[in-house]
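Chemist: Quick one, target.txt (compact mmCIF, C-alpha atoms):
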# COMPACT_ATOMS: atom_id res chain seq x y z
CA MET A 1 10.23 -0.29 -2.11
CA SER A 2 7.83 -1.12 -4.92
CA TYR A 3 4.47 -2.53 -3.85
CA LEU A 4 5.22 -5.73 -5.80
CA LEU A 5 8.56 -6.32 -4.09
CA ASP A 6 7.10 -5.42 -0.70
CA LEU A 7 4.33 -7.96 -1.28
CA ALA A 8 6.89 -10.59 -2.32
CA VAL A 9 8.75 -10.08 0.95
CA ARG A 10 5.55 -10.33 3.01
CA LEU A 11 4.53 -13.54 1.26
CA ALA A 12 7.97 -15.08 1.81
CA VAL A 13 7.89 -14.21 5.52
CA ALA A 14 4.47 -15.83 5.91
CA ALA A 15 5.54 -18.91 3.92
CA SER A 16 8.69 -19.37 6.01
CA ARG A 17 6.46 -20.74 8.79
CA TRP A 18 5.16 -23.60 6.63
CA PRO A 19 6.41 -27.13 7.38
CA GLU A 20 8.97 -28.61 5.03
CA ASP A 21 6.71 -31.49 3.97
CA PHE A 22 4.25 -28.93 2.57
CA ARG A 23 6.86 -26.73 0.90
CA ARG A 24 8.92 -29.52 -0.68
CA PRO A 25 6.57 -30.81 -3.42
CA HIS A 26 5.69 -27.31 -4.62
CA THR A 27 9.36 -26.31 -4.66
CA GLU A 28 10.26 -29.43 -6.62
CA TYR A 29 7.43 -28.83 -9.07
CA LEU A 30 8.60 -25.28 -9.81
CA LEU A 31 12.26 -26.22 -10.05
CA ALA A 32 11.44 -29.04 -12.49
CA ALA A 33 9.44 -26.60 -14.64
CA GLN A 34 12.51 -24.53 -15.58
CA ARG A 35 13.43 -25.10 -19.23
CA ASP A 36 16.89 -25.59 -20.70
CA ASP A 37 16.91 -21.95 -21.85
CA GLY A 38 16.36 -20.79 -18.25
CA GLY A 39 12.77 -19.67 -18.72
CA PHE A 40 9.44 -21.18 -17.75
CA ALA A 41 6.44 -21.93 -19.92
CA GLY A 42 2.69 -22.17 -19.58
CA ARG A 43 0.90 -25.46 -20.19
CA GLN A 44 2.22 -25.62 -23.73
CA GLY A 45 4.70 -23.83 -25.96
CA ALA A 46 8.09 -22.26 -25.38
CA SER A 47 9.44 -20.34 -22.40
CA ASP A 48 7.52 -17.14 -21.83
CA LEU A 49 8.25 -13.94 -19.89
CA TYR A 50 4.83 -13.95 -18.25
CA TYR A 51 5.08 -17.47 -16.87
CA THR A 52 8.74 -17.03 -16.00
CA SER A 53 7.78 -14.12 -13.77
CA PHE A 54 5.24 -16.22 -11.88
CA ALA A 55 7.59 -19.17 -11.49
CA LEU A 56 10.31 -16.93 -10.06
CA ARG A 57 7.79 -15.31 -7.70
CA GLY A 58 6.71 -18.75 -6.52
CA LEU A 59 10.29 -19.86 -5.92
CA ALA A 60 11.03 -16.62 -4.05
CA LEU A 61 7.95 -17.16 -1.89
CA LEU A 62 9.22 -20.65 -1.02
CA GLY A 63 12.75 -19.43 -0.31
CA ALA A 64 14.07 -21.48 -3.23
CA LEU A 65 15.23 -18.75 -5.62
CA ASP A 66 18.92 -19.59 -5.41
CA GLU A 67 21.94 -18.69 -7.55
CA PRO A 68 21.80 -21.62 -10.03
CA VAL A 69 18.11 -20.93 -10.78
CA ALA A 70 18.77 -17.19 -11.03
CA THR A 71 21.75 -17.65 -13.35
CA ARG A 72 19.76 -19.77 -15.80
CA ALA A 73 16.74 -17.46 -15.61
CA GLY A 74 18.99 -14.45 -16.15
CA ARG A 75 20.21 -15.86 -19.46
CA PHE A 76 16.61 -16.22 -20.63
CA LEU A 77 15.66 -12.70 -19.51
CA ARG A 78 18.66 -11.15 -21.30
CA SER A 79 17.67 -12.96 -24.48
CA ARG A 80 14.25 -11.26 -24.42
CA PHE A 81 15.48 -7.72 -23.87
CA GLU A 82 15.70 -6.70 -27.52
CA GLY A 83 12.66 -5.50 -29.46
CA GLU A 84 9.32 -3.94 -28.56
CA LEU A 85 7.37 -5.90 -25.95
CA PRO A 86 3.64 -5.77 -25.20
CA GLY A 87 2.81 -4.41 -21.77
CA VAL A 88 2.38 -7.70 -19.92
CA ASP A 89 5.70 -9.07 -21.22
CA LEU A 90 7.50 -5.81 -20.51
CA TYR A 91 6.24 -5.66 -16.93
CA SER A 92 7.03 -9.35 -16.43
CA LEU A 93 10.60 -8.74 -17.61
CA ILE A 94 11.06 -5.71 -15.34
CA PHE A 95 9.71 -7.46 -12.27
CA SER A 96 11.66 -10.67 -12.93
CA VAL A 97 14.92 -8.77 -13.30
CA SER A 98 14.20 -6.72 -10.16
CA LEU A 99 13.32 -9.84 -8.19
CA LEU A 100 16.53 -11.60 -9.21
CA ASP A 101 18.58 -8.48 -8.43
CA THR A 102 16.96 -8.21 -4.98
CA ALA A 103 17.03 -11.91 -4.07
CA CYS A 104 20.33 -12.93 -5.65
CA ALA A 105 22.21 -9.72 -6.58
CA ALA A 106 22.07 -10.97 -10.15
CA ASN A 107 22.73 -7.62 -11.93
CA ILE A 108 21.23 -8.90 -15.15
CA LEU A 109 20.89 -5.62 -17.06
CA THR A 110 23.07 -2.53 -17.44
CA GLY A 111 22.06 0.98 -16.43
CA ASP A 112 21.40 1.89 -20.06
CA GLN A 113 19.11 -1.08 -20.42
CA TRP A 114 17.11 -0.01 -17.36
CA THR A 115 16.73 3.42 -18.99
CA THR A 116 15.52 1.75 -22.19
CA MET A 117 12.90 -0.18 -20.24
CA ALA A 118 11.70 2.98 -18.51
CA ALA A 119 11.17 4.57 -21.92
CA ALA A 120 9.31 1.46 -23.07
CA VAL A 121 6.93 1.73 -20.11
CA ASP A 122 6.29 5.37 -20.93
CA ARG A 123 5.29 4.45 -24.48
CA HIS A 124 2.32 2.57 -23.02
CA ARG A 125 0.96 5.75 -21.44
CA HIS A 126 -2.53 6.44 -22.77
CA PRO A 127 -3.82 9.94 -23.63
CA SER A 128 -6.68 9.39 -21.18
CA GLY A 129 -4.24 9.37 -18.26
CA GLY A 130 -3.53 5.73 -17.48
CA TYR A 131 -1.54 3.04 -19.28
CA ALA A 132 -2.72 0.68 -22.01
CA LYS A 133 -2.02 -3.01 -22.67
CA SER A 134 -0.01 -2.04 -25.75
CA SER A 135 1.28 1.18 -27.26
CA ASN A 136 -1.55 1.24 -29.83
CA ASN A 137 -4.43 0.06 -27.63
CA PRO A 138 -7.58 2.21 -27.87
CA ALA A 139 -8.20 2.36 -24.10
CA GLY A 140 -6.22 2.60 -20.88
CA SER A 141 -6.30 -0.42 -18.58
CA THR A 142 -6.80 -0.21 -14.81
CA TYR A 143 -4.70 -3.33 -14.18
CA HIS A 144 -1.95 -2.36 -16.63
CA THR A 145 -1.80 1.08 -15.05
CA PHE A 146 -1.15 -0.62 -11.72
CA LEU A 147 1.62 -2.69 -13.33
CA ALA A 148 3.15 0.33 -15.06
CA VAL A 149 3.22 2.41 -11.88
CA SER A 150 4.64 -0.51 -9.88
CA CYS A 151 7.35 -1.03 -12.49
CA GLY A 152 8.03 2.71 -12.51
CA GLN A 153 8.83 2.34 -8.81
CA LEU A 154 11.22 -0.51 -9.57
CA LEU A 155 12.91 1.49 -12.33
CA GLY A 156 13.15 4.62 -10.21
CA THR A 157 11.23 6.67 -12.77
CA ALA A 158 8.87 9.44 -11.85
CA ARG A 159 5.21 8.54 -11.55
CA PRO A 160 2.50 10.61 -13.26
CA PRO A 161 1.07 13.52 -11.23
CA SER A 162 -0.87 12.02 -8.34
CA GLU A 163 -3.99 14.14 -8.73
CA SER A 164 -4.55 13.46 -12.43
CA LEU A 165 -3.86 9.75 -12.13
CA ALA A 166 -6.09 9.44 -9.08
CA GLU A 167 -8.92 11.16 -10.95
CA TRP A 168 -8.44 8.76 -13.85
CA ILE A 169 -8.63 5.76 -11.54
CA VAL A 170 -11.73 7.06 -9.74
CA SER A 171 -13.45 7.45 -13.13
CA ARG A 172 -13.42 3.64 -13.33
CA ARG A 173 -15.42 3.27 -10.12
CA ARG A 174 -18.97 1.93 -10.34
CA ASP A 175 -22.02 2.36 -8.11
CA ASP A 176 -21.39 -0.95 -6.31
CA GLY A 177 -18.08 0.41 -4.98
CA GLY A 178 -15.88 -1.66 -7.28
CA PHE A 179 -13.84 -0.72 -10.34
CA VAL A 180 -13.75 -1.83 -13.97
CA GLU A 181 -10.87 -2.57 -16.33
CA ILE A 182 -11.93 -0.33 -19.24
CA PRO A 183 -14.53 2.48 -19.34
CA GLN A 184 -17.06 0.58 -21.46
CA MET A 185 -17.51 -2.10 -18.80
CA ARG A 186 -20.42 -1.99 -16.36
CA ALA A 187 -19.75 -4.95 -14.03
CA SER A 188 -17.07 -4.37 -11.40
CA GLY A 189 -14.26 -6.89 -11.29
CA THR A 190 -12.08 -8.27 -8.52
CA ASN A 191 -8.79 -7.71 -10.35
CA PRO A 192 -9.38 -4.08 -11.43
CA THR A 193 -10.81 -3.26 -7.99
CA ALA A 194 -7.70 -4.65 -6.30
CA ALA A 195 -5.47 -2.74 -8.72
CA ALA A 196 -7.37 0.50 -8.14
CA VAL A 197 -7.21 0.11 -4.36
CA VAL A 198 -3.45 -0.33 -4.38
CA LEU A 199 -2.93 2.55 -6.83
CA LEU A 200 -5.07 4.97 -4.84
CA SER A 201 -3.35 3.89 -1.63
CA GLU A 202 0.10 4.40 -3.17
CA LEU A 203 -0.99 7.84 -4.41
CA GLY A 204 -2.39 8.85 -1.00
CA ALA A 205 -5.84 9.25 -2.58
CA LEU A 206 -7.82 6.40 -1.01
CA ASP A 207 -10.62 8.14 0.89
CA GLU A 208 -12.86 6.41 3.42
CA GLN A 209 -15.90 6.16 1.15
CA THR A 210 -13.87 4.52 -1.62
CA ARG A 211 -12.15 2.24 0.91
CA GLU A 212 -15.43 1.00 2.37
CA GLY A 213 -17.11 0.55 -1.01
CA ALA A 214 -14.21 -1.41 -2.47
CA ALA A 215 -13.98 -3.61 0.64
CA ARG A 216 -17.68 -4.46 0.46
CA LEU A 217 -17.47 -5.29 -3.24
CA LEU A 218 -14.42 -7.52 -2.78
CA ALA A 219 -15.98 -9.31 0.20
CA SER A 220 -19.12 -9.98 -1.84
CA MET A 221 -17.04 -11.89 -4.38
CA GLN A 222 -16.37 -14.77 -1.96
CA ASN A 223 -18.72 -17.64 -2.77
CA GLU A 224 -19.70 -20.93 -1.17
CA GLU A 225 -16.50 -22.56 -2.47
CA GLY A 226 -14.50 -20.28 -0.17
CA GLY A 227 -12.69 -18.66 -3.10
CA PHE A 228 -13.45 -15.41 -4.90
CA ARG A 229 -15.09 -14.77 -8.26
CA ALA A 230 -13.58 -12.62 -11.01
CA ASN A 231 -16.65 -10.35 -11.31
CA THR A 232 -20.32 -10.08 -10.45
CA GLN A 233 -21.36 -11.97 -13.58
CA ILE A 234 -19.28 -15.11 -12.93
CA PRO A 235 -20.58 -17.68 -10.39
CA ILE A 236 -17.40 -19.76 -9.89
CA ALA A 237 -14.22 -18.92 -8.01
CA ASP A 238 -10.62 -19.00 -9.22
CA LEU A 239 -7.22 -18.70 -7.56
CA LEU A 240 -6.17 -15.51 -9.34
CA SER A 241 -9.24 -13.64 -8.10
CA THR A 242 -8.88 -15.17 -4.63
CA PHE A 243 -5.27 -14.05 -4.32
CA THR A 244 -5.89 -10.50 -5.57
CA ALA A 245 -8.96 -10.10 -3.36
CA LEU A 246 -7.06 -11.18 -0.26
CA ALA A 247 -4.14 -8.87 -1.09
CA ALA A 248 -6.45 -5.89 -1.61
CA LEU A 249 -8.54 -6.59 1.50
CA GLY A 250 -5.31 -6.66 3.48
CA GLU A 251 -4.36 -3.29 1.99
CA LEU A 252 -7.79 -2.01 3.07
CA ASN A 253 -7.47 -3.49 6.59
CA ALA A 254 -10.75 -5.25 5.84
CA SER A 255 -9.80 -8.93 6.04
CA ALA A 256 -12.32 -9.38 8.86
CA LEU A 257 -15.12 -9.01 6.30
CA ILE A 258 -14.37 -12.41 4.75
CA ASP A 259 -13.74 -15.99 5.84
CA GLY A 260 -9.99 -16.36 5.52
CA GLN A 261 -10.01 -20.00 6.61
CA ALA A 262 -12.52 -20.86 3.89
CA ALA A 263 -10.26 -19.17 1.32
CA ALA A 264 -7.30 -21.22 2.57
CA GLU A 265 -9.28 -24.45 2.39
CA TYR A 266 -10.35 -23.57 -1.15
CA ALA A 267 -6.70 -23.19 -2.18
CA LYS A 268 -5.67 -26.42 -0.46
CA ARG A 269 -8.27 -28.38 -2.41
CA LEU A 270 -6.64 -27.20 -5.64
CA GLN A 271 -3.11 -28.44 -4.91
CA ARG A 272 -1.70 -31.60 -6.40
CA PRO A 273 -0.01 -33.98 -3.91
CA ASP A 274 3.21 -34.00 -5.95
CA GLY A 275 3.23 -30.22 -6.35
CA GLY A 276 1.48 -27.42 -8.19
CA PHE A 277 -1.99 -25.87 -8.09
CA ARG A 278 -4.95 -25.87 -10.47
CA GLY A 279 -6.72 -22.61 -11.28
CA GLY A 280 -10.08 -23.67 -9.81
CA THR A 281 -12.40 -26.61 -9.36
CA TRP A 282 -13.18 -26.29 -13.08
CA ASP A 283 -9.53 -26.86 -14.01
CA ASN A 284 -7.84 -30.23 -14.58
CA ALA A 285 -4.15 -29.30 -14.76
CA VAL A 286 -1.57 -27.33 -12.79
CA ASP A 287 0.75 -24.58 -14.02
CA VAL A 288 3.34 -22.21 -12.58
CA GLU A 289 1.04 -19.17 -12.58
CA TYR A 290 -1.70 -20.78 -10.52
CA THR A 291 0.91 -22.38 -8.29
CA PHE A 292 2.07 -18.91 -7.33
CA TYR A 293 -1.52 -17.81 -6.74
CA GLY A 294 -2.25 -20.89 -4.64
CA LEU A 295 0.82 -20.41 -2.49
CA GLY A 296 0.14 -16.68 -2.25
CA THR A 297 -3.44 -17.31 -1.17
CA LEU A 298 -2.30 -19.59 1.63
CA ALA A 299 0.30 -17.05 2.75
CA LEU A 300 -2.22 -14.19 2.79
CA ALA A 301 -4.86 -16.31 4.51
CA GLY A 302 -2.38 -17.18 7.28
CA SER A 303 -2.51 -20.91 6.60
Using structure tokens, write down the structure from this file.
Modeler:
Amino acid sequence: MSYLLDLAVRLAVAASRWPEDFRRPHTEYLLAAQRDDGGFAGRQGASDLYYTSFALRGLALLGALDEPVATRAGRFLRSRFEGELPGVDLYSLIFSVSLLDTACAANILTGDQWTTMAAAVDRHRHPSGGYAKSSNNPAGSTYHTFLAVSCGQLLGTARPPSESLAEWIVSRRRDDGGFVEIPQMRASGTNPTAAAVVLLSELGALDEQTREGAARLLASMQNEEGGFRANTQIPIADLLSTFTALAALGELNASALIDGQAAAEYAKRLQRPDGGFRGGTWDNAVDVEYTFYGLGTLALAGS
């Protein structure tokens, strides 16, 4: 199973223990966010593959990804299949289709269309060894390489040779034990470090020194709010960084290094009583992406 689908299952199992009065408003918020075309949008604009992916992940986590929702979402996903897609939209489409197929046996795309998507992923491969945000991007991206490899698992396509990809990932490591998104960056980040940890683990190339260094870096990102910062240069926490840090620390068997209860309390403070989560204390509105991260944080923190 792909890491992303495996994580989705683990989150749903953890969330199944939540009381109904907690689950209900967030479920209702996500269900109400589905547009007439079957997709989901950000805080403004039309339905979008990126936000649709997060909304479907949130509904799956809550056990609310049923056939009517899947049928409407499937129509939207089919409508976005044609044409070249940037990496983030392509990966969002692949994961959304896979999630609906797994959760609802939706069978949205044909075998030929899956093959077409596999070829589209391959076009994002960068000469340096990883994958870029777009087919003409000047540098490979640590996070997009994680997404490409994860989607390769979903598509059943062969991954790049383990040794060369592992070497490419390790080249993004910095002296503080963390990893960066692109080679020009100096400050390690939570998201690229989490992506690198999962990639190296999937490739069987996560040695003890790298494991310990990454765990220390991720743990150091938790601040007095209880959440996690995006990188060493940012003082405030956000839900995206908190979720990815918790997921990676779990992969590293290093959750004991941080205060999981404080992370859960941080997420709880960001929920709206009638459903949805803000991105951080600095934010004044909810959206479907941060709602998934908030729910995911609570599931990973055991709350």
Chemist: Considering all atoms listed in the file, return as a PyMOL selection string whatever protein or nucleic-acid residues lie within 10 Å of stretch 276-289 of chain A, sequence-local ones (same chain, fewer than 3 positions apart) excluded.
Modeler: chain A and resi 25-30+33-34+40-44+50-59+225+227+236-241+266-273+292-295
Chemist: Using atom CA of A:Phe76 and atom CA of A:Gly38 as the two end points, give the distance in Å to one decimal.
Modeler: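 Computing the Euclidean distance for atom CA of A:Phe76 and atom CA of A:Gly38 yields 5.2 Å.
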Chemist: Please, which residues in stretch 51-94 of chain A fall within 8 Å of stretch 105-128 of chain A when counting all atoms listed in the file, and what is the closest atom pair and distance in Å to one decimal for each, ordered by chain then residue number, as JSON lines?
Modeler:
{"residue": "A:Ala70", "atom": "CA", "partner": "A:Ala106", "partner_atom": "CA", "distance": 7.1}
{"residue": "A:Thr71", "atom": "CA", "partner": "A:Ala106", "partner_atom": "CA", "distance": 7.4}
{"residue": "A:Gly74", "atom": "CA", "partner": "A:Ile108", "partner_atom": "CA", "distance": 6.1}
{"residue": "A:Arg78", "atom": "CA", "partner": "A:Ile108", "partner_atom": "CA", "distance": 7.0}
{"residue": "A:Glu84", "atom": "CA", "partner": "A:Ala120", "partner_atom": "CA", "distance": 7.7}
{"residue": "A:Gly87", "atom": "CA", "partner": "A:His124", "partner_atom": "CA", "distance": 7.1}
{"residue": "A:Leu90", "atom": "CA", "partner": "A:Val121", "partner_atom": "CA", "distance": 7.6}
{"residue": "A:Ile94", "atom": "CA", "partner": "A:Met117", "partner_atom": "CA", "distance": 7.6}
Chemist: Rank nothing, just name the residue among A:Leu218, A:Leu203, A:Cys151, A:Ala14 nearest to A:Phe179, using only C-alpha atoms.
Modeler: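 Of all the options, A:Leu218 lies closest to A:Phe179.
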Chemist: Please indicate the distance in Å from atom CA of A:Leu257 to atom CA of A:Val180, rounded to one decimal place.
Modeler: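 One can read the atom CA of A:Leu257 to atom CA of A:Val180 distance as 21.5 Å.
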Chemist: Suppose you want the space between atom CA of A:Asn223 and atom CA of A:Ala245; what is it in Å?
Modeler: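 Separation of atom CA of A:Asn223 and atom CA of A:Ala245: 12.3 Å.
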Chemist: Give the answer as one residue: which of A:Glu202, A:Asp48, A:Asp101, A:Asp66 has the shortest atom-to-atom distance to A:Asp89, using all atoms listed in the file?
Modeler: A:Asp48
Chemist: Considering all atoms listed in the file, can you say which of A:Thr193, A:Ser16, A:Ser47, A:Thr157 comes closest to A:Gly177?
Modeler: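 Between A:Thr193, A:Ser16, A:Ser47, A:Thr157, the residue approaching A:Gly177 most closely is A:Thr193.
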Chemist: May I ask which of the residues A:Val13, A:Ala301, A:Val69, A:Val198 is the closest one to A:Thr210, counting only C-alpha atoms?
Modeler: A:Val198
Chemist: Near A:Pro192, within 10 Å and counting all atoms listed in the file, which residues show up once chain neighbours fewer than 3 positions away are dropped, as a VMD selection string?
Modeler: chain A and resid 141 to 146 169 172 to 173 178 to 182 188 to 189 195 to 198 230 to 231 244
